[in-house]
$ cat final08.txt   # compact mmCIF, C-alpha atoms (C1' of nucleotides)
# COMPACT_ATOMS: atom_id res chain seq x y z
CA MET B 809 110.41 95.90 118.72
CA ASP B 810 112.72 98.73 119.65
CA ALA B 811 111.24 99.19 123.11
CA THR B 812 111.35 95.46 123.61
CA PHE B 813 115.06 95.14 122.96
CA LYS B 814 115.81 98.22 125.01
CA ALA B 815 113.84 96.73 127.87
CA LEU B 816 115.79 93.50 127.59
CA SER B 817 119.13 95.28 127.58
CA ASP B 818 119.22 95.88 131.33
CA PRO B 819 120.32 93.00 133.59
CA SER B 820 117.95 93.99 136.41
CA ARG B 821 115.03 93.76 134.03
CA ARG B 822 116.14 90.40 132.72
CA LYS B 823 116.39 89.24 136.33
CA ILE B 824 112.81 90.37 136.89
CA LEU B 825 111.70 88.36 133.86
CA ALA B 826 113.56 85.32 135.17
CA LEU B 827 111.80 85.67 138.54
CA LEU B 828 108.42 85.96 136.84
CA ARG B 829 109.15 82.89 134.81
CA GLU B 830 108.95 80.87 138.02
CA GLU B 831 105.74 82.43 139.30
CA ASP B 832 103.66 85.58 139.26
CA LEU B 833 104.83 88.09 141.88
CA THR B 834 103.68 91.35 143.41
CA ALA B 835 105.80 94.47 142.93
CA GLY B 836 106.94 94.21 146.54
CA GLU B 837 107.98 90.59 146.20
CA ILE B 838 109.99 91.52 143.13
CA ALA B 839 111.60 94.49 144.85
CA ALA B 840 112.62 92.24 147.74
CA HIS B 841 115.02 90.49 145.36
CA PHE B 842 116.96 93.69 144.72
CA ALA B 843 119.30 95.81 146.81
CA THR B 844 118.18 98.99 145.06
CA SER B 845 115.28 101.19 146.10
CA TRP B 846 111.66 100.24 145.48
CA ALA B 847 111.38 103.26 143.24
CA SER B 848 114.16 101.97 141.04
CA VAL B 849 112.54 98.56 140.72
CA SER B 850 109.22 100.25 140.02
CA HIS B 851 110.92 102.16 137.22
CA HIS B 852 112.16 98.92 135.69
CA LEU B 853 108.70 97.42 135.98
CA GLY B 854 107.37 100.45 134.13
CA VAL B 855 109.82 99.88 131.29
CA LEU B 856 108.85 96.23 131.09
CA ARG B 857 105.16 97.16 131.11
CA GLU B 858 105.74 99.72 128.37
CA ALA B 859 107.42 97.04 126.29
CA GLU B 860 104.54 94.71 127.10
CA LEU B 861 106.96 92.10 128.34
CA VAL B 862 104.98 91.91 131.57
CA VAL B 863 101.38 92.44 132.55
CA ALA B 864 100.35 94.22 135.74
CA GLU B 865 97.08 93.52 137.48
CA ARG B 866 95.87 95.09 140.69
CA GLU B 867 94.83 92.64 143.37
CA GLY B 868 93.42 94.74 146.15
CA GLN B 869 96.32 96.41 147.88
CA PHE B 870 98.89 94.69 145.71
CA ILE B 871 99.85 94.77 142.06
CA ARG B 872 100.65 91.38 140.65
CA TYR B 873 103.02 91.01 137.73
CA SER B 874 103.17 88.19 135.21
CA LEU B 875 105.14 87.42 132.08
CA ASN B 876 103.72 88.14 128.64
CA THR B 877 105.32 85.29 126.78
CA THR B 878 103.72 86.38 123.52
CA VAL B 879 106.07 89.34 123.16
CA LEU B 880 109.03 87.20 124.15
CA GLN B 881 108.05 84.83 121.35
CA ASP B 882 108.06 87.78 118.95
CA VAL B 883 111.60 88.68 120.01
CA LEU B 884 112.66 85.09 119.51
CA GLN B 885 111.16 85.13 116.05
CA HIS B 886 112.98 88.35 115.20
CA LEU B 887 116.31 86.99 116.40
CA MET B 888 115.86 83.71 114.59
CA GLU B 889 115.40 85.64 111.38
CA LEU B 890 118.76 87.29 112.02
CA SER B 891 120.66 84.16 112.87
CA SER B 892 119.30 81.59 110.46
CA MET G 535 125.37 88.22 127.81
CA ASP G 536 125.01 91.77 129.06
CA ALA G 537 127.12 93.28 126.28
CA THR G 538 125.20 91.18 123.78
CA PHE G 539 121.79 92.49 124.77
CA LYS G 540 123.11 96.03 124.98
CA ALA G 541 124.50 95.68 121.48
CA LEU G 542 121.16 94.38 120.23
CA SER G 543 119.23 97.24 121.82
CA ASP G 544 120.11 99.77 119.13
CA PRO G 545 118.12 99.75 115.89
CA SER G 546 121.11 100.76 113.75
CA ARG G 547 123.05 97.81 115.04
CA ARG G 548 120.17 95.42 114.41
CA LYS G 549 119.99 96.81 110.88
CA ILE G 550 123.68 96.05 110.44
CA LEU G 551 123.08 92.48 111.57
CA ALA G 552 120.19 92.16 109.13
CA LEU G 553 122.43 93.39 106.30
CA LEU G 554 125.13 90.90 107.25
CA ARG G 555 122.61 88.12 107.31
CA GLU G 556 122.32 88.51 103.54
CA GLU G 557 126.04 88.62 102.82
CA ASP G 558 129.39 89.60 104.28
CA LEU G 559 130.15 93.29 103.76
CA THR G 560 133.03 95.70 104.18
CA ALA G 561 132.72 98.54 106.66
CA GLY G 562 132.28 100.97 103.79
CA GLU G 563 129.50 98.94 102.21
CA ILE G 564 127.74 98.86 105.56
CA ALA G 565 128.19 102.60 106.10
CA ALA G 566 126.69 103.26 102.68
CA HIS G 567 123.36 102.01 104.03
CA PHE G 568 123.24 104.73 106.68
CA ALA G 569 122.71 108.47 106.58
CA THR G 570 124.96 109.02 109.58
CA SER G 571 128.72 109.54 109.46
CA TRP G 572 131.17 106.71 108.80
CA ALA G 573 132.58 107.30 112.26
CA SER G 574 129.19 106.65 113.79
CA VAL G 575 128.74 103.42 111.87
CA SER G 576 132.28 102.43 112.83
CA HIS G 577 131.36 103.00 116.46
CA HIS G 578 128.38 100.64 116.10
CA LEU G 579 130.61 98.06 114.44
CA GLY G 580 132.94 98.34 117.41
CA VAL G 581 130.08 97.63 119.80
CA LEU G 582 129.03 94.62 117.74
CA ARG G 583 132.62 93.36 117.63
CA GLU G 584 132.94 93.80 121.38
CA ALA G 585 129.79 91.74 121.84
CA GLU G 586 131.19 89.20 119.39
CA LEU G 587 128.03 89.39 117.35
CA VAL G 588 130.16 90.08 114.27
CA VAL G 589 133.64 89.12 113.17
CA ALA G 590 135.96 91.56 111.41
CA GLU G 591 138.67 90.40 109.05
CA ARG G 592 141.05 92.61 107.14
CA GLU G 593 141.16 92.01 103.42
CA GLY G 594 143.90 94.24 102.15
CA GLN G 595 142.58 97.75 102.17
CA PHE G 596 139.16 96.70 103.39
CA ILE G 597 137.76 95.19 106.53
CA ARG G 598 135.13 92.61 105.90
CA TYR G 599 132.42 91.94 108.46
CA SER G 600 130.43 88.78 108.93
CA LEU G 601 127.82 87.51 111.39
CA ASN G 602 128.81 85.35 114.32
CA THR G 603 125.70 83.23 114.51
CA THR G 604 127.06 81.32 117.50
CA VAL G 605 126.50 84.25 119.83
CA LEU G 606 123.08 84.88 118.33
CA GLN G 607 122.23 81.28 119.12
CA ASP G 608 123.30 81.86 122.72
CA VAL G 609 120.95 84.84 122.95
CA LEU G 610 118.14 82.74 121.52
CA GLN G 611 118.85 80.06 124.10
CA HIS G 612 118.77 82.62 126.90
CA LEU G 613 115.48 84.08 125.71
CA MET G 614 113.91 80.69 125.26
CA GLU G 615 114.70 79.92 128.87
CA LEU G 616 112.81 83.05 129.85
CA SER G 617 109.77 82.43 127.71
CA SER G 618 109.21 78.71 128.00
C1' DG Z 1496 87.65 109.67 158.09
C1' DT Z 1497 92.54 108.11 160.09
C1' DG Z 1498 96.41 105.57 159.90
C1' DA Z 1499 99.12 101.89 157.75
C1' DT Z 1500 100.86 99.44 153.85
C1' DA Z 1501 101.83 98.84 148.71
C1' DT Z 1502 103.20 101.03 144.75
C1' DT Z 1503 104.11 104.67 141.58
C1' DT Z 1504 105.42 109.45 140.27
C1' DA Z 1505 108.29 113.68 140.41
C1' DG Z 1506 112.45 115.94 140.42
C1' DA Z 1507 117.46 115.80 140.74
C1' DT Z 1508 122.04 113.80 139.79
C1' DG Z 1509 125.80 111.20 137.84
C1' DA Z 1510 126.89 107.85 134.24
C1' DT Z 1511 126.46 106.08 129.74
C1' DT Z 1512 125.63 106.65 124.87
C1' DA Z 1513 125.02 108.11 119.94
C1' DT Z 1514 126.53 111.35 117.06
C1' DC Z 1515 129.48 114.86 115.02
C1' DT Z 1516 134.05 116.75 113.25
C1' DT Z 1517 138.80 116.24 113.06
C1' DA Z 1518 142.83 113.51 113.35
C1' DT Z 1519 145.21 109.17 112.93
C1' DC Z 1520 146.37 104.59 111.15
C1' DA Z 1521 146.69 101.01 107.46
C1' DT Z 1522 146.91 99.65 102.85
C1' DC Z 1523 147.16 100.20 97.99
C1' DT Z 1524 149.00 102.28 93.56
C1' DA Z 1525 152.06 104.73 91.04
C1' DT H 154 158.18 107.62 99.09
C1' DA H 155 153.76 110.35 98.03
C1' DG H 156 149.13 110.56 97.45
C1' DA H 157 144.63 108.41 97.71
C1' DT H 158 141.24 105.56 99.87
C1' DG H 159 139.20 102.63 103.72
C1' DA H 160 138.52 102.50 108.43
C1' DT H 161 139.07 103.60 113.28
C1' DA H 162 140.18 106.66 117.28
C1' DA H 163 139.93 111.03 119.94
C1' DG H 164 137.56 114.67 121.83
C1' DA H 165 133.25 117.32 122.38
C1' DT H 166 128.24 117.67 122.96
C1' DA H 167 123.42 116.69 123.63
C1' DA H 168 120.30 113.08 124.88
C1' DT H 169 119.04 109.05 127.37
C1' DC H 170 119.11 106.31 131.48
C1' DA H 171 119.51 104.17 136.23
C1' DT H 172 119.33 105.50 140.60
C1' DC H 173 118.23 108.21 144.67
C1' DT H 174 115.01 110.74 148.08
C1' DA H 175 110.74 112.72 148.85
C1' DA H 176 106.05 113.19 147.67
C1' DA H 177 101.75 111.38 145.85
C1' DT H 178 98.13 107.82 144.96
C1' DA H 179 95.48 103.67 146.06
C1' DT H 180 93.72 100.25 148.99
C1' DC H 181 92.79 98.12 153.35
C1' DA H 182 91.56 97.85 158.45
C1' DC H 183 89.71 100.14 162.08
$ encode --input "final08.txt" --output "structure tokens"
Amino acid sequence: MDATFKALSDPSRRKILALLREEDLTAGEIAAHFATSWASVSHHLGVLREAELVVAEREGQFIRYSLNTTVLQDVLQHLMELSS
Amino acid sequence: MDATFKALSDPSRRKILALLREEDLTAGEIAAHFATSWASVSHHLGVLREAELVVAEREGQFIRYSLNTTVLQDVLQHLMELSS
DNA sequence: GTGATATTTAGATGATTATCTTATCATCTA
DNA sequence: TAGATGATAAGATAATCATCTAAATATCAC
């Protein structure tokens, strides 16, 4: 749960999650939405992968990312227990 | 929303929120639950205040802290929009 | 295999952060 | 007012983090 919250604490990473909510995207498509370097975006994707908030799957030359809503549900559960 | 997630990303601060979920507590009562220095706990309380996740109210010699569930609800809303 | 494209990794740097000790501020009691 | 207690602020330090450039890895097309 610690890694999850830490992953969520960066606005770039939350933006990535919001993009993936619309549709699955390759790393390049995600990076295209940012002004920072590809390496920086790749770093954020690594953090999100580590936290299991996203899933990466190679598709030939590309790597396609998708949301793991299960972990997001866990976070929601945790926060609801705090706020209820 | 940024400050809120950053505030939530530290386990000590989430522990403080969990304590406050049970009952309102003074800064000293909160600090008693931690092995770190009072100053460190006070720092965390400052971060939580800044994020408006808690409300501080002076009661004579003491300062009593309570949860601000409104902001927690906002976080929940934000996360639900990501996960739905 | 060679070259081209997609992505990640490595190493470095500057900024932020959590923690500590010490000092300061606020309130109470006598 | 003086001393004691509750709490925060200031200043220092070590660790973590986001970002960069350059290098490495993986796949595809030829």
$ residues_around --input "final08.txt" --residues "region 583-586 of chain G" --least-positions-apart "4" --cutoff "7 Å" --atoms "only C-alpha atoms (C1' of nucleotides)" --output "MDAnalysis selection string"
chainID G and resid 537:538 541 579 602 605
$ closest_residue --input "final08.txt" --among "B:Thr834, B:Gln885, B:Thr844, B:Ser850" --to "chain G" --atoms "only C-alpha atoms"
B:Gln885
$ interface_residues --input "final08.txt" --of "chain B" --to "chain G" --cutoff "9 Å" --atoms "only C-alpha atoms" --output "ChimeraX atom specification"
/B:810-819,822,825-826,828-829,875-878,880-881,883-884,887-892
$ atom_distance --input "final08.txt" --atom1 "C1' of DG156 (chain H)" --atom2 "C1' of DC1523 (chain Z)"
10.6 Å
$ closest_residue --input "final08.txt" --among "G:Leu582, G:Val589, G:Ala569, G:Ala561" --to "chain H" --atoms "all atoms listed in the file"
G:Ala561
$ residues_near_point --input "final08.txt" --point "(96.5, 89.7, 145.8)" --cutoff "12 Å" --atoms "all atoms listed in the file" --output "list of chain:residue names"
B:Asp832, B:Leu833, B:Thr834, B:Ala835, B:Gly836, B:Glu837, B:Ala864, B:Glu865, B:Arg866, B:Glu867, B:Gly868, B:Gln869, B:Phe870, B:Ile871, B:Arg872, B:Tyr873, Z:DA1501, H:DT180, H:DC181
$ interface_residues --input "final08.txt" --of "chain H" --to "chain B" --cutoff "10 Å" --atoms "only C-alpha atoms (C1' of nucleotides)" --output "ChimeraX atom specification"
/H:171-174,179-181
$ atom_distance --input "final08.txt" --atom1 "CA of Ala840 (chain B)" --atom2 "C1' of DT1500 (chain Z)"
15.1 Å
$ atom_distance --input "final08.txt" --atom1 "C1' of DA1510 (chain Z)" --atom2 "CA of His841 (chain B)"
23.8 Å
$ closest_residue --input "final08.txt" --among "G:Val581, G:Ile564, G:Leu587, G:Ile550" --to "chain Z" --atoms "all atoms listed in the file"
G:Val581
$ interface_residues --input "final08.txt" --of "chain Z" --to "chain B" --cutoff "12 Å" --atoms "only C-alpha atoms (C1' of nucleotides)" --output "list in words"
DA1499, DT1500, DA1501, DT1502, DT1503, DT1504 and DA1505 of chain Z
